[in-house]
>>> print(open('structure00.csv').read())   # CSV, C-alpha atoms
chain,number,residue,atom,x,y,z
C,2,MET,CA,-4.9,8.3,-28.9
C,3,THR,CA,-4.7,5.7,-26.1
C,4,ALA,CA,-1.6,3.5,-26.4
C,5,VAL,CA,-2.5,-0.2,-26.1
C,6,PRO,CA,0.6,-2.2,-25.2
C,7,PRO,CA,1.3,-5.3,-27.4
C,8,HIS,CA,-0.6,-8.5,-26.5
C,9,ILE,CA,-3.2,-6.6,-24.5
C,10,PRO,CA,-6.7,-7.0,-26.0
C,11,GLY,CA,-8.3,-3.8,-27.1
C,12,PRO,CA,-10.6,-1.9,-24.7
C,13,GLU,CA,-13.7,-3.3,-26.3
C,14,SER,CA,-12.8,-6.8,-25.2
C,15,ILE,CA,-13.3,-6.2,-21.5
C,16,GLY,CA,-17.0,-5.9,-22.1
C,17,ASP,CA,-19.2,-6.1,-19.0
C,18,PRO,CA,-17.1,-8.0,-16.4
C,19,ASP,CA,-18.6,-11.1,-14.8
C,20,THR,CA,-18.7,-9.8,-11.2
C,21,GLY,CA,-19.2,-13.4,-10.0
C,22,THR,CA,-15.5,-14.0,-10.4
C,23,LEU,CA,-12.5,-12.5,-8.7
C,24,GLY,CA,-11.3,-10.9,-12.0
C,25,GLY,CA,-14.7,-9.6,-12.9
C,26,HIS,CA,-15.3,-8.1,-9.5
C,27,THR,CA,-12.0,-6.3,-9.3
C,28,ALA,CA,-12.1,-5.2,-13.0
C,29,ARG,CA,-15.5,-3.6,-12.4
C,30,GLN,CA,-14.1,-1.8,-9.4
C,31,LEU,CA,-11.1,-0.5,-11.4
C,32,LEU,CA,-13.4,0.7,-14.2
C,33,GLY,CA,-15.4,2.7,-11.6
C,34,LEU,CA,-12.3,4.2,-10.1
C,35,GLY,CA,-10.6,5.1,-13.3
C,36,GLY,CA,-12.8,8.1,-14.1
C,37,ILE,CA,-12.4,9.4,-10.6
C,38,ALA,CA,-8.6,9.5,-11.1
C,39,GLY,CA,-8.9,11.3,-14.5
C,40,LEU,CA,-8.4,8.3,-16.7
C,41,SER,CA,-10.3,7.9,-20.0
C,42,ALA,CA,-12.8,5.0,-20.4
C,43,ALA,CA,-10.4,3.4,-22.9
C,44,ASP,CA,-7.5,3.6,-20.5
C,45,SER,CA,-9.6,2.2,-17.7
C,46,LYS,CA,-10.6,-0.7,-19.8
C,47,VAL,CA,-7.0,-1.4,-20.8
C,48,TYR,CA,-5.9,-1.4,-17.1
C,49,ALA,CA,-8.9,-3.6,-16.1
C,50,ARG,CA,-7.8,-6.2,-18.7
C,51,THR,CA,-4.2,-5.9,-17.5
C,52,LEU,CA,-5.3,-6.6,-13.9
C,53,VAL,CA,-7.3,-9.7,-14.9
C,54,GLU,CA,-4.4,-11.0,-17.0
C,55,ALA,CA,-1.8,-10.4,-14.2
C,56,LEU,CA,-4.0,-12.3,-11.7
C,57,GLY,CA,-3.8,-15.3,-14.0
C,58,PRO,CA,-6.1,-18.4,-13.5
C,59,VAL,CA,-7.3,-17.2,-10.1
C,60,ALA,CA,-9.1,-14.4,-11.9
C,61,GLU,CA,-11.6,-16.9,-13.2
C,62,ARG,CA,-12.3,-18.3,-9.7
C,63,PRO,CA,-15.9,-17.8,-8.7
C,64,LEU,CA,-16.5,-15.7,-5.6
C,65,ARG,CA,-18.8,-18.2,-4.2
C,66,LEU,CA,-15.7,-20.3,-3.4
C,67,PRO,CA,-13.3,-19.2,-0.6
C,68,PRO,CA,-10.1,-17.4,-1.5
C,69,ALA,CA,-7.6,-19.5,-3.4
C,70,ASP,CA,-5.0,-18.8,-0.6
C,71,ASP,CA,-4.4,-16.6,2.4
C,72,SER,CA,-3.2,-13.5,0.5
C,73,PHE,CA,-1.6,-11.0,2.9
C,74,ILE,CA,-2.7,-8.0,0.8
C,75,SER,CA,-6.1,-7.7,2.6
C,76,ASP,CA,-7.9,-8.9,5.6
C,77,ASP,CA,-10.4,-11.1,3.6
C,78,HIS,CA,-7.5,-12.5,1.4
C,79,THR,CA,-8.5,-10.7,-1.8
C,80,PRO,CA,-5.2,-10.5,-3.7
C,81,VAL,CA,-6.0,-6.9,-4.9
C,82,GLU,CA,-6.0,-3.5,-3.1
C,83,PHE,CA,-6.7,-0.1,-4.6
C,84,SER,CA,-5.3,3.2,-3.4
C,85,LEU,CA,-5.6,6.9,-4.2
C,86,SER,CA,-2.7,9.3,-3.8
C,87,PHE,CA,-3.8,12.9,-3.2
C,88,GLU,CA,-1.8,16.1,-3.9
C,89,PRO,CA,-3.2,19.7,-3.9
C,90,GLY,CA,-4.7,21.0,-7.1
C,91,THR,CA,-4.9,17.8,-9.2
C,92,ALA,CA,-6.9,14.6,-9.6
C,93,PRO,CA,-5.7,11.8,-7.3
C,94,THR,CA,-3.5,9.1,-8.7
C,95,LEU,CA,-5.0,5.6,-8.8
C,96,ARG,CA,-2.8,2.6,-8.0
C,97,VAL,CA,-3.6,-1.1,-7.8
C,98,LEU,CA,-1.6,-3.6,-5.8
C,99,LEU,CA,-1.9,-7.3,-6.7
C,100,GLU,CA,-0.3,-10.6,-6.0
C,101,PRO,CA,0.3,-12.2,-9.4
C,102,GLY,CA,1.2,-15.6,-7.9
C,103,ALA,CA,-2.0,-15.8,-5.8
C,104,GLY,CA,-3.4,-19.4,-5.8
C,105,ALA,CA,0.0,-21.0,-6.5
C,106,PRO,CA,0.5,-24.3,-4.7
C,107,ASP,CA,3.5,-23.2,-2.6
C,108,PRO,CA,5.5,-20.0,-1.8
C,109,ALA,CA,8.3,-20.9,-4.2
C,110,GLU,CA,5.9,-21.3,-7.1
C,111,ASN,CA,4.1,-18.1,-6.0
C,112,GLY,CA,7.4,-16.2,-6.4
C,113,ARG,CA,8.3,-17.8,-9.8
C,114,THR,CA,4.8,-17.0,-11.1
C,115,GLY,CA,5.1,-13.4,-9.9
C,116,LEU,CA,8.5,-12.9,-11.4
C,117,GLY,CA,7.2,-14.3,-14.7
C,118,VAL,CA,4.2,-12.0,-14.7
C,119,LEU,CA,6.4,-9.0,-13.9
C,120,ARG,CA,9.0,-9.8,-16.6
C,121,GLY,CA,6.1,-10.2,-19.1
C,122,LEU,CA,4.9,-6.7,-18.2
C,123,ALA,CA,8.5,-5.4,-18.6
C,124,ASP,CA,8.6,-7.0,-22.1
C,125,ARG,CA,5.2,-5.5,-23.0
C,126,TRP,CA,6.0,-2.0,-21.8
C,127,GLY,CA,9.7,-1.9,-22.5
C,128,PHE,CA,11.2,-1.4,-19.1
C,129,SER,CA,14.1,-3.1,-17.4
C,130,THR,CA,14.0,-5.5,-14.5
C,131,ALA,CA,17.8,-5.4,-14.0
C,132,ARG,CA,17.6,-4.1,-10.5
C,133,LEU,CA,15.1,-6.8,-9.5
C,134,ASP,CA,17.2,-9.5,-11.3
C,135,GLU,CA,20.2,-8.4,-9.3
C,136,LEU,CA,18.4,-9.3,-6.0
C,137,GLU,CA,16.7,-12.6,-7.1
C,138,ASP,CA,19.0,-14.8,-5.0
C,139,LEU,CA,18.3,-12.8,-1.9
C,140,PHE,CA,14.5,-12.7,-2.1
C,141,PHE,CA,13.6,-15.9,-3.9
C,142,PRO,CA,15.4,-18.9,-2.2
C,143,PRO,CA,14.4,-22.5,-3.0
C,144,ALA,CA,12.2,-22.8,0.1
C,145,PRO,CA,11.0,-19.2,0.9
C,146,LYS,CA,9.3,-18.3,4.2
C,147,GLY,CA,6.9,-15.6,5.2
C,148,PRO,CA,3.5,-14.3,4.1
C,149,LEU,CA,4.4,-13.2,0.6
C,150,ALA,CA,6.9,-13.7,-2.2
C,151,LEU,CA,6.2,-10.9,-4.6
C,152,TRP,CA,3.6,-8.2,-5.0
C,153,CYS,CA,3.3,-5.8,-8.0
C,154,ALA,CA,1.8,-2.3,-7.9
C,155,LEU,CA,0.7,-0.4,-11.0
C,156,GLU,CA,0.4,3.4,-10.9
C,157,LEU,CA,-2.2,4.0,-13.5
C,158,ARG,CA,-1.5,6.9,-15.8
C,159,PRO,CA,-3.3,8.3,-18.9
C,160,GLY,CA,-2.1,6.6,-22.0
C,161,GLY,CA,-2.5,3.0,-20.9
C,162,VAL,CA,1.1,2.5,-19.7
C,163,PRO,CA,1.5,2.4,-15.9
C,164,ARG,CA,4.5,2.9,-13.6
C,165,VAL,CA,5.4,-0.3,-11.9
C,166,LYS,CA,6.6,-1.2,-8.5
C,167,ALA,CA,7.8,-4.6,-7.0
C,168,TYR,CA,7.4,-5.5,-3.4
C,169,LEU,CA,9.6,-8.2,-2.0
C,170,ASN,CA,9.7,-10.1,1.3
C,171,PRO,CA,12.8,-9.4,3.5
C,172,ALA,CA,12.0,-12.5,5.6
C,173,ALA,CA,12.1,-14.9,2.7
C,174,ASN,CA,15.1,-16.6,4.3
C,175,GLY,CA,13.6,-16.4,7.7
C,176,ALA,CA,12.7,-13.5,10.0
C,177,LYS,CA,16.0,-13.6,11.8
C,178,HIS,CA,17.8,-12.9,8.5
C,179,ALA,CA,15.5,-10.1,7.3
C,180,ALA,CA,17.7,-7.2,8.4
C,181,ARG,CA,20.8,-8.8,6.8
C,182,THR,CA,18.8,-9.3,3.6
C,183,VAL,CA,17.8,-5.7,3.5
C,184,ARG,CA,21.3,-4.5,4.2
C,185,LYS,CA,22.7,-6.7,1.4
C,186,ALA,CA,20.0,-5.5,-1.0
C,187,LEU,CA,20.6,-1.9,-0.4
C,188,LYS,CA,24.4,-2.3,-0.9
C,189,ARG,CA,23.9,-4.2,-4.1
C,190,LEU,CA,21.8,-1.3,-5.5
C,191,GLY,CA,24.5,1.2,-4.6
C,192,HIS,CA,23.0,2.5,-1.3
C,193,ARG,CA,26.0,1.3,0.7
C,194,HIS,CA,25.3,3.1,4.0
C,195,ALA,CA,21.6,3.5,3.8
C,196,PHE,CA,20.8,0.7,6.2
C,197,THR,CA,22.6,2.5,9.1
C,198,THR,CA,20.2,5.5,8.8
C,199,LEU,CA,17.0,3.4,9.2
C,200,PRO,CA,15.1,3.8,12.5
C,201,ASP,CA,14.5,0.8,14.8
C,202,GLY,CA,11.5,-1.3,14.0
C,203,ASP,CA,9.9,-4.5,15.2
C,204,ARG,CA,10.3,-6.1,11.8
C,205,HIS,CA,11.2,-5.5,8.2
C,206,LEU,CA,7.9,-5.7,6.2
C,207,PHE,CA,8.8,-5.0,2.6
C,208,PHE,CA,11.6,-4.1,0.3
C,209,ALA,CA,10.3,-2.3,-2.8
C,210,LEU,CA,11.7,-1.1,-6.1
C,211,ASP,CA,10.4,1.3,-8.7
C,212,LEU,CA,10.7,-0.2,-12.1
C,213,GLY,CA,10.4,1.5,-15.5
C,214,ASP,CA,9.5,5.1,-16.3
C,215,TRP,CA,10.3,7.0,-13.0
C,216,ALA,CA,12.0,10.4,-12.9
C,217,GLU,CA,13.9,9.2,-9.7
C,218,PRO,CA,13.5,5.5,-9.2
C,219,ARG,CA,13.2,4.7,-5.5
C,220,VAL,CA,14.4,1.9,-3.3
C,221,LYS,CA,12.0,1.6,-0.3
C,222,VAL,CA,12.2,-0.1,3.0
C,223,TYR,CA,9.1,-0.7,5.1
C,224,LEU,CA,9.2,-1.2,8.9
C,225,ALA,CA,6.5,-2.2,11.4
C,226,HIS,CA,6.3,-0.4,14.7
C,227,HIS,CA,4.2,-2.0,17.5
C,228,GLU,CA,2.8,0.0,20.5
C,229,LEU,CA,4.2,3.3,19.4
C,230,SER,CA,3.3,6.6,20.9
C,231,ALA,CA,2.8,9.7,18.8
C,232,PRO,CA,6.1,11.3,20.0
C,233,GLN,CA,7.9,8.1,19.2
C,234,ALA,CA,6.3,8.0,15.7
C,235,ALA,CA,7.5,11.6,15.2
C,236,GLY,CA,11.0,10.4,15.6
C,237,LEU,CA,10.9,7.9,12.8
C,238,THR,CA,11.7,10.1,9.8
C,239,ARG,CA,15.3,10.3,8.7
C,240,MET,CA,14.8,12.8,5.9
C,241,ALA,CA,16.8,16.0,5.9
C,242,ASP,CA,13.6,18.0,5.6
C,243,GLY,CA,10.9,15.7,6.7
C,244,PRO,CA,7.7,16.3,8.7
C,245,ASP,CA,8.2,17.8,12.2
C,246,ALA,CA,6.8,16.3,15.4
C,247,GLY,CA,3.8,18.5,15.4
C,248,GLU,CA,2.7,17.4,11.9
C,249,ILE,CA,3.1,13.7,12.8
C,250,GLU,CA,1.2,14.1,16.0
C,251,GLU,CA,-1.6,15.9,14.3
C,252,PHE,CA,-1.8,13.3,11.6
C,253,LEU,CA,-2.2,10.6,14.3
C,254,ARG,CA,-4.7,12.6,16.2
C,255,ILE,CA,-6.9,13.1,13.1
C,256,THR,CA,-6.6,9.5,11.9
C,257,THR,CA,-7.0,7.6,15.1
C,258,GLY,CA,-8.2,10.0,17.8
C,259,ALA,CA,-5.1,9.0,19.7
C,260,ASP,CA,-5.4,11.9,22.2
C,261,ALA,CA,-9.0,11.1,23.0
C,262,ASP,CA,-8.5,8.4,25.6
C,263,PRO,CA,-5.0,8.2,27.2
C,264,GLY,CA,-6.5,5.9,29.9
C,265,SER,CA,-4.8,2.6,30.5
C,266,ASP,CA,-2.7,2.8,27.4
C,267,ALA,CA,-0.9,5.9,28.6
C,268,ASP,CA,2.8,6.1,27.9
C,269,PRO,CA,5.3,7.7,30.3
C,270,GLY,CA,6.1,10.3,27.6
C,271,SER,CA,3.9,13.1,26.6
C,272,GLY,CA,2.8,14.7,23.3
C,273,ALA,CA,3.5,18.1,21.9
C,274,ASP,CA,0.7,19.6,24.0
C,275,GLY,CA,2.0,18.1,27.3
C,276,ARG,CA,-0.8,15.5,27.6
C,277,PRO,CA,-0.1,11.8,28.2
C,278,ALA,CA,0.9,10.1,25.0
C,279,ARG,CA,-1.3,7.1,24.2
C,280,ARG,CA,0.4,4.1,22.7
C,281,LEU,CA,-1.1,2.7,19.5
C,282,MET,CA,-1.7,-0.9,20.7
C,283,ARG,CA,-3.4,-2.6,17.7
C,284,ARG,CA,-2.0,-3.5,14.3
C,285,PRO,CA,1.4,-1.8,14.0
C,286,LEU,CA,2.1,1.5,12.4
C,287,GLN,CA,4.2,1.3,9.3
C,288,SER,CA,7.0,3.6,8.1
C,289,CYS,CA,8.5,3.7,4.7
C,290,HIS,CA,11.9,5.1,3.9
C,291,ALA,CA,12.7,5.9,0.2
C,292,PHE,CA,16.2,6.2,-1.2
C,293,THR,CA,17.0,7.8,-4.5
C,294,ASP,CA,20.5,9.4,-4.0
C,295,ARG,CA,23.4,7.0,-3.9
C,296,GLN,CA,25.8,9.8,-2.8
C,297,THR,CA,24.1,10.2,0.6
C,298,SER,CA,22.9,7.7,3.1
C,299,ARG,CA,19.8,9.7,4.0
C,300,PRO,CA,16.4,8.8,2.6
C,301,THR,CA,14.7,11.3,0.4
C,302,GLY,CA,11.2,10.2,1.2
C,303,PHE,CA,9.2,9.2,4.3
C,304,THR,CA,5.7,7.8,4.7
C,305,LEU,CA,3.8,6.9,7.8
C,306,TYR,CA,0.9,4.6,7.5
C,307,VAL,CA,-1.9,4.1,10.1
C,308,PRO,CA,-4.2,1.0,10.0
C,309,VAL,CA,-7.3,3.0,10.6
C,310,ARG,CA,-9.5,-0.1,10.5
C,311,ASP,CA,-8.1,-1.1,13.9
C,312,HIS,CA,-8.7,2.3,15.5
C,313,LEU,CA,-12.1,3.3,14.3
C,314,PRO,CA,-15.5,1.7,14.8
C,315,HIS,CA,-16.7,1.6,11.2
C,316,ASP,CA,-16.0,3.0,7.7
C,317,GLY,CA,-18.3,6.0,8.1
C,318,GLU,CA,-16.0,7.2,10.8
C,319,ALA,CA,-12.9,6.3,8.7
C,320,LEU,CA,-14.3,8.4,5.8
C,321,ALA,CA,-15.0,11.3,8.1
C,322,ARG,CA,-11.5,11.3,9.5
C,323,ALA,CA,-10.0,10.9,6.0
C,324,THR,CA,-12.1,13.9,4.9
C,325,ASP,CA,-10.8,16.0,7.7
C,326,LEU,CA,-7.2,15.0,6.9
C,327,LEU,CA,-7.6,15.8,3.2
C,328,LYS,CA,-9.1,19.2,4.0
C,329,ARG,CA,-6.2,19.9,6.4
C,330,TYR,CA,-3.8,19.6,3.5
C,331,GLY,CA,-5.9,21.6,1.1
C,332,MET,CA,-7.1,18.6,-0.9
C,333,ASP,CA,-10.6,17.9,-2.3
C,334,PRO,CA,-12.1,14.9,-0.4
C,335,ALA,CA,-14.9,14.4,-3.0
C,336,PRO,CA,-12.9,11.8,-5.1
C,337,LEU,CA,-12.5,9.6,-2.1
C,338,HIS,CA,-16.3,9.7,-1.4
C,339,HIS,CA,-16.9,8.8,-5.1
C,340,ALA,CA,-14.3,6.1,-4.9
C,341,LEU,CA,-15.9,4.2,-2.0
C,342,ALA,CA,-19.3,4.4,-3.9
C,343,ALA,CA,-17.5,2.9,-6.9
C,344,VAL,CA,-16.2,-0.2,-5.1
C,345,THR,CA,-19.2,-1.0,-2.9
C,346,THR,CA,-22.9,-0.5,-2.4
C,347,ARG,CA,-22.9,-1.3,1.3
C,348,GLN,CA,-23.6,1.3,4.0
C,349,LEU,CA,-20.2,2.4,5.4
C,350,GLU,CA,-21.5,2.0,9.0
C,351,ASP,CA,-22.1,-1.7,8.3
C,352,GLY,CA,-18.4,-2.7,8.2
C,353,VAL,CA,-14.8,-1.6,8.9
C,354,GLY,CA,-11.8,-2.0,6.7
C,355,LEU,CA,-13.0,-0.6,3.3
C,356,ILE,CA,-10.5,2.2,4.1
C,357,ALA,CA,-7.7,0.0,5.3
C,358,TYR,CA,-4.8,2.5,5.8
C,359,LEU,CA,-4.3,6.3,5.7
C,360,GLY,CA,-0.8,7.5,5.0
C,361,LEU,CA,1.1,10.8,5.1
C,362,ALA,CA,3.9,10.9,2.5
C,363,HIS,CA,6.8,13.4,2.2
C,364,GLN,CA,9.2,13.3,-0.7
C,365,GLU,CA,12.0,15.9,-1.4
C,366,GLY,CA,10.9,18.4,-3.9
C,367,ARG,CA,7.1,17.6,-3.7
C,368,PRO,CA,4.3,18.8,-1.5
C,369,PRO,CA,3.0,16.3,1.2
C,370,ARG,CA,0.7,13.6,-0.2
C,371,ILE,CA,-2.2,11.8,1.5
C,372,MET,CA,-2.5,8.1,0.7
C,373,THR,CA,-5.8,6.3,1.1
C,374,TYR,CA,-6.0,2.5,0.7
C,375,ILE,CA,-9.2,0.9,-0.4
C,376,SER,CA,-10.1,-2.8,0.1
C,377,SER,CA,-11.8,-4.7,-2.6
C,378,GLU,CA,-13.8,-6.8,-0.1
C,379,ALA,CA,-14.3,-9.5,-2.7
C,380,TYR,CA,-14.9,-12.2,-0.1
C,381,GLU,CA,-15.9,-10.7,3.2
C,382,VAL,CA,-16.9,-7.5,5.0
C,383,ARG,CA,-15.3,-7.1,8.4
C,384,PRO,CA,-18.1,-6.4,11.0
C,385,PRO,CA,-18.0,-2.9,12.6
C,386,ALA,CA,-16.3,-2.6,16.0
C,387,VAL,CA,-19.5,-0.9,17.2
C,388,PRO,CA,-22.8,-2.2,15.9
C,389,ARG,CA,-24.7,0.3,13.8
C,390,ALA,CA,-27.7,0.6,16.3
C,391,GLU,CA,-25.3,1.1,19.2
C,392,ALA,CA,-23.3,3.7,17.3
C,393,ALA,CA,-26.5,5.6,16.4
C,394,ALA,CA,-27.7,5.5,20.0
C,395,ALA,CA,-24.3,6.9,21.1
C,396,GLY,CA,-24.7,9.8,18.6
C,397,ARG,CA,-21.7,8.7,16.4
>>> encode(input="structure00.csv", output="structure tokens")
Amino acid sequence: MTAVPPHIPGPESIGDPDTGTLGGHTARQLLGLGGIAGLSAADSKVYARTLVEALGPVAERPLRLPPADDSFISDDHTPVEFSLSFEPGTAPTLRVLLEPGAGAPDPAENGRTGLGVLRGLADRWGFSTARLDELEDLFFPPAPKGPLALWCALELRPGGVPRVKAYLNPAANGAKHAARTVRKALKRLGHRHAFTTLPDGDRHLFFALDLGDWAEPRVKVYLAHHELSAPQAAGLTRMADGPDAGEIEEFLRITTGADADPGSDADPGSGADGRPARRLMRRPLQSCHAFTDRQTSRPTGFTLYVPVRDHLPHDGEALARATDLLKRYGMDPAPLHHALAAVTTRQLEDGVGLIAYLGLAHQEGRPPRIMTYISSEAYEVRPPAVPRAEAAAAGR
């Protein structure tokens, strides 16, 4: 029997979503994605209602109006993003990332609203926010800065009760204080020497916490890395048993074609095959370092994210590369193909950014995972880098 948390309307109440509103549009997409991830229809409806409620008043905003604010979650400012996490031999795990304070009049109110929504979810599902509460003064100052205050991610599981993650802004007190904020937060949570193990980065993007029913709750630090070559990317992991240089370089080759055109972007270094190493000049790569063990300073998890929408001409090419990547790791790409069809009816060659990021995740005690991030495109489709007719003429 599907567990419906208190105060969540029953599955029948979701009905047919009004796709003319933000909530209806994203709820319809989630309903389509649920079955692909192995969720029952009842569970998918519970989660769709949860998404609409967590978005608050902005969910009722008609899509014919522009976005309520400049949400940093997606390029078209939709405050919702979906992702599928793939492992060998099982259905992918569906996640939804949302900004519960979207549409708030200012960043401070955005943060207060987000905290209220997250604490309401904690009451509903019976998990603690103690670790988040301990950091409130660091990440929610009276006049916060930066492009976000709080994001919430729901990992959707059978049974109608998700795992929950909170994403916080290290630059809430100003970019120059971001590193100090991260260092203090890690220490407060018992990871006293973790900060010293992090690689260099151009900026601290997110500080994230697992909340609720996790076997090993993680504290995660995300870094941005501009103009990074493949050999440099291979040196980012600090895990004791993380991916080797060859695996990272192959991941970048598959996802970006980074060895196809060394050209003017050539770096003085070289890749594992001795060829010039091309720097990735567009939106930065992101690395994530996950800490679970307070007895050691080393992270137990590492993920590398590539913004494939900045490296490929259109989503048809992005899907082809994601398919190659999934097959390389022994994973079935069919659910990703079905997922894209569930969120949009447009031709993949007519836009770029439906697949926003591809990620390679390593975690101690688990096989590698492939992460695929799917944009809602509620407001806008980013034009392809190469027009469709030109791509066809070139044989792409």
>>> residues_around(input="structure00.csv", residues="region 49-58 of chain C", least_positions_apart="3", cutoff="9 Å", atoms="all atoms listed in the file", output="PyMOL selection string")
chain C and resi 9-12+14-15+23-25+27-32+44-46+61-62+80-81+97+99-104+115+118-119+122
>>> closest_residue(input="structure00.csv", among="C:Gly121, C:Leu224, C:Pro89, C:His339", to="Ala38 (chain C)", atoms="all atoms listed in the file")
C:His339
>>> closest_residue(input="structure00.csv", among="C:Arg164, C:Asp333, C:Gly360, C:Ala291", to="Tyr306 (chain C)", atoms="only C-alpha atoms")
C:Gly360
>>> atom_distance(input="structure00.csv", atom1="CA of Thr238 (chain C)", atom2="CA of Leu253 (chain C)")
14.6 Å
>>> residues_around(input="structure00.csv", residues="Arg347 (chain C)", least_positions_apart="3", cutoff="12 Å", atoms="only C-alpha atoms", output="tab-separated table (two decimals) with C-alpha atoms, in the coordinates of the input")
chain	number	residue	atom	x	y	z
C	316	ASP	CA	-16.00	3.00	7.70
C	317	GLY	CA	-18.30	6.00	8.10
C	341	LEU	CA	-15.90	4.20	-2.00
C	342	ALA	CA	-19.30	4.40	-3.90
C	343	ALA	CA	-17.50	2.90	-6.90
C	344	VAL	CA	-16.20	-0.20	-5.10
C	350	GLU	CA	-21.50	2.00	9.00
C	351	ASP	CA	-22.10	-1.70	8.30
C	352	GLY	CA	-18.40	-2.70	8.20
C	353	VAL	CA	-14.80	-1.60	8.90
C	355	LEU	CA	-13.00	-0.60	3.30
C	378	GLU	CA	-13.80	-6.80	-0.10
C	381	GLU	CA	-15.90	-10.70	3.20
C	382	VAL	CA	-16.90	-7.50	5.00
C	383	ARG	CA	-15.30	-7.10	8.40
C	384	PRO	CA	-18.10	-6.40	11.00
>>> residues_near_point(input="structure00.csv", point="(-1.8, 0.4, 18.0)", cutoff="9 Å", atoms="all atoms listed in the file", output="PyMOL selection string")
chain C and resi 226-230+280-286+307-308+311-312
>>> closest_residue(input="structure00.csv", among="C:Gly117, C:Met240, C:Glu137, C:Tyr48", to="Val162 (chain C)", atoms="all atoms listed in the file")
C:Tyr48
>>> residues_around(input="structure00.csv", residues="Leu361 (chain C)", least_positions_apart="3", cutoff="10 Å", atoms="all atoms listed in the file", output="list in words")
Ser86, Phe87, Pro244, Glu248, Ile249, Phe252, Leu253, Ser288, Phe303, Thr304, Leu305, Tyr306, Val307, Leu326, Pro369, Arg370, Ile371, Met372 and Thr373 of chain C
>>> residues_around(input="structure00.csv", residues="Gly302 (chain C)", least_positions_apart="3", cutoff="8 Å", atoms="only C-alpha atoms", output="list in words")
Met240, Gly243, Cys289, His290, Ala291, Phe292, Ala362, His363, Gln364 and Glu365 of chain C
>>> closest_residue(input="structure00.csv", among="C:Phe128, C:Phe140, C:Phe196, C:Tyr374", to="Arg113 (chain C)", atoms="all atoms listed in the file")
C:Phe140
>>> atom_distance(input="structure00.csv", atom1="CA of Leu40 (chain C)", atom2="CA of Arg158 (chain C)")
7.1 Å
>>> atom_distance(input="structure00.csv", atom1="CA of Arg120 (chain C)", atom2="CA of Pro163 (chain C)")
14.3 Å
>>> closest_residue(input="structure00.csv", among="C:Phe73, C:Asp245, C:Gly213, C:Thr345", to="Arg125 (chain C)", atoms="all atoms listed in the file")
C:Gly213
>>> residues_near_point(input="structure00.csv", point="(-4.5, 19.6, -4.6)", cutoff="10 Å", atoms="all atoms listed in the file", output="number ranges by chain")
C: 87-93, 327-328, 330-334, 368, 370
>>> closest_residue(input="structure00.csv", among="C:Ala323, C:Ile356, C:Ala105, C:Ala209", to="Cys153 (chain C)", atoms="only C-alpha atoms")
C:Ala209
>>> residues_around(input="structure00.csv", residues="Pro68 (chain C)", least_positions_apart="6", cutoff="8 Å", atoms="all atoms listed in the file", output="list in words")
His78, Thr79 and Tyr380 of chain C
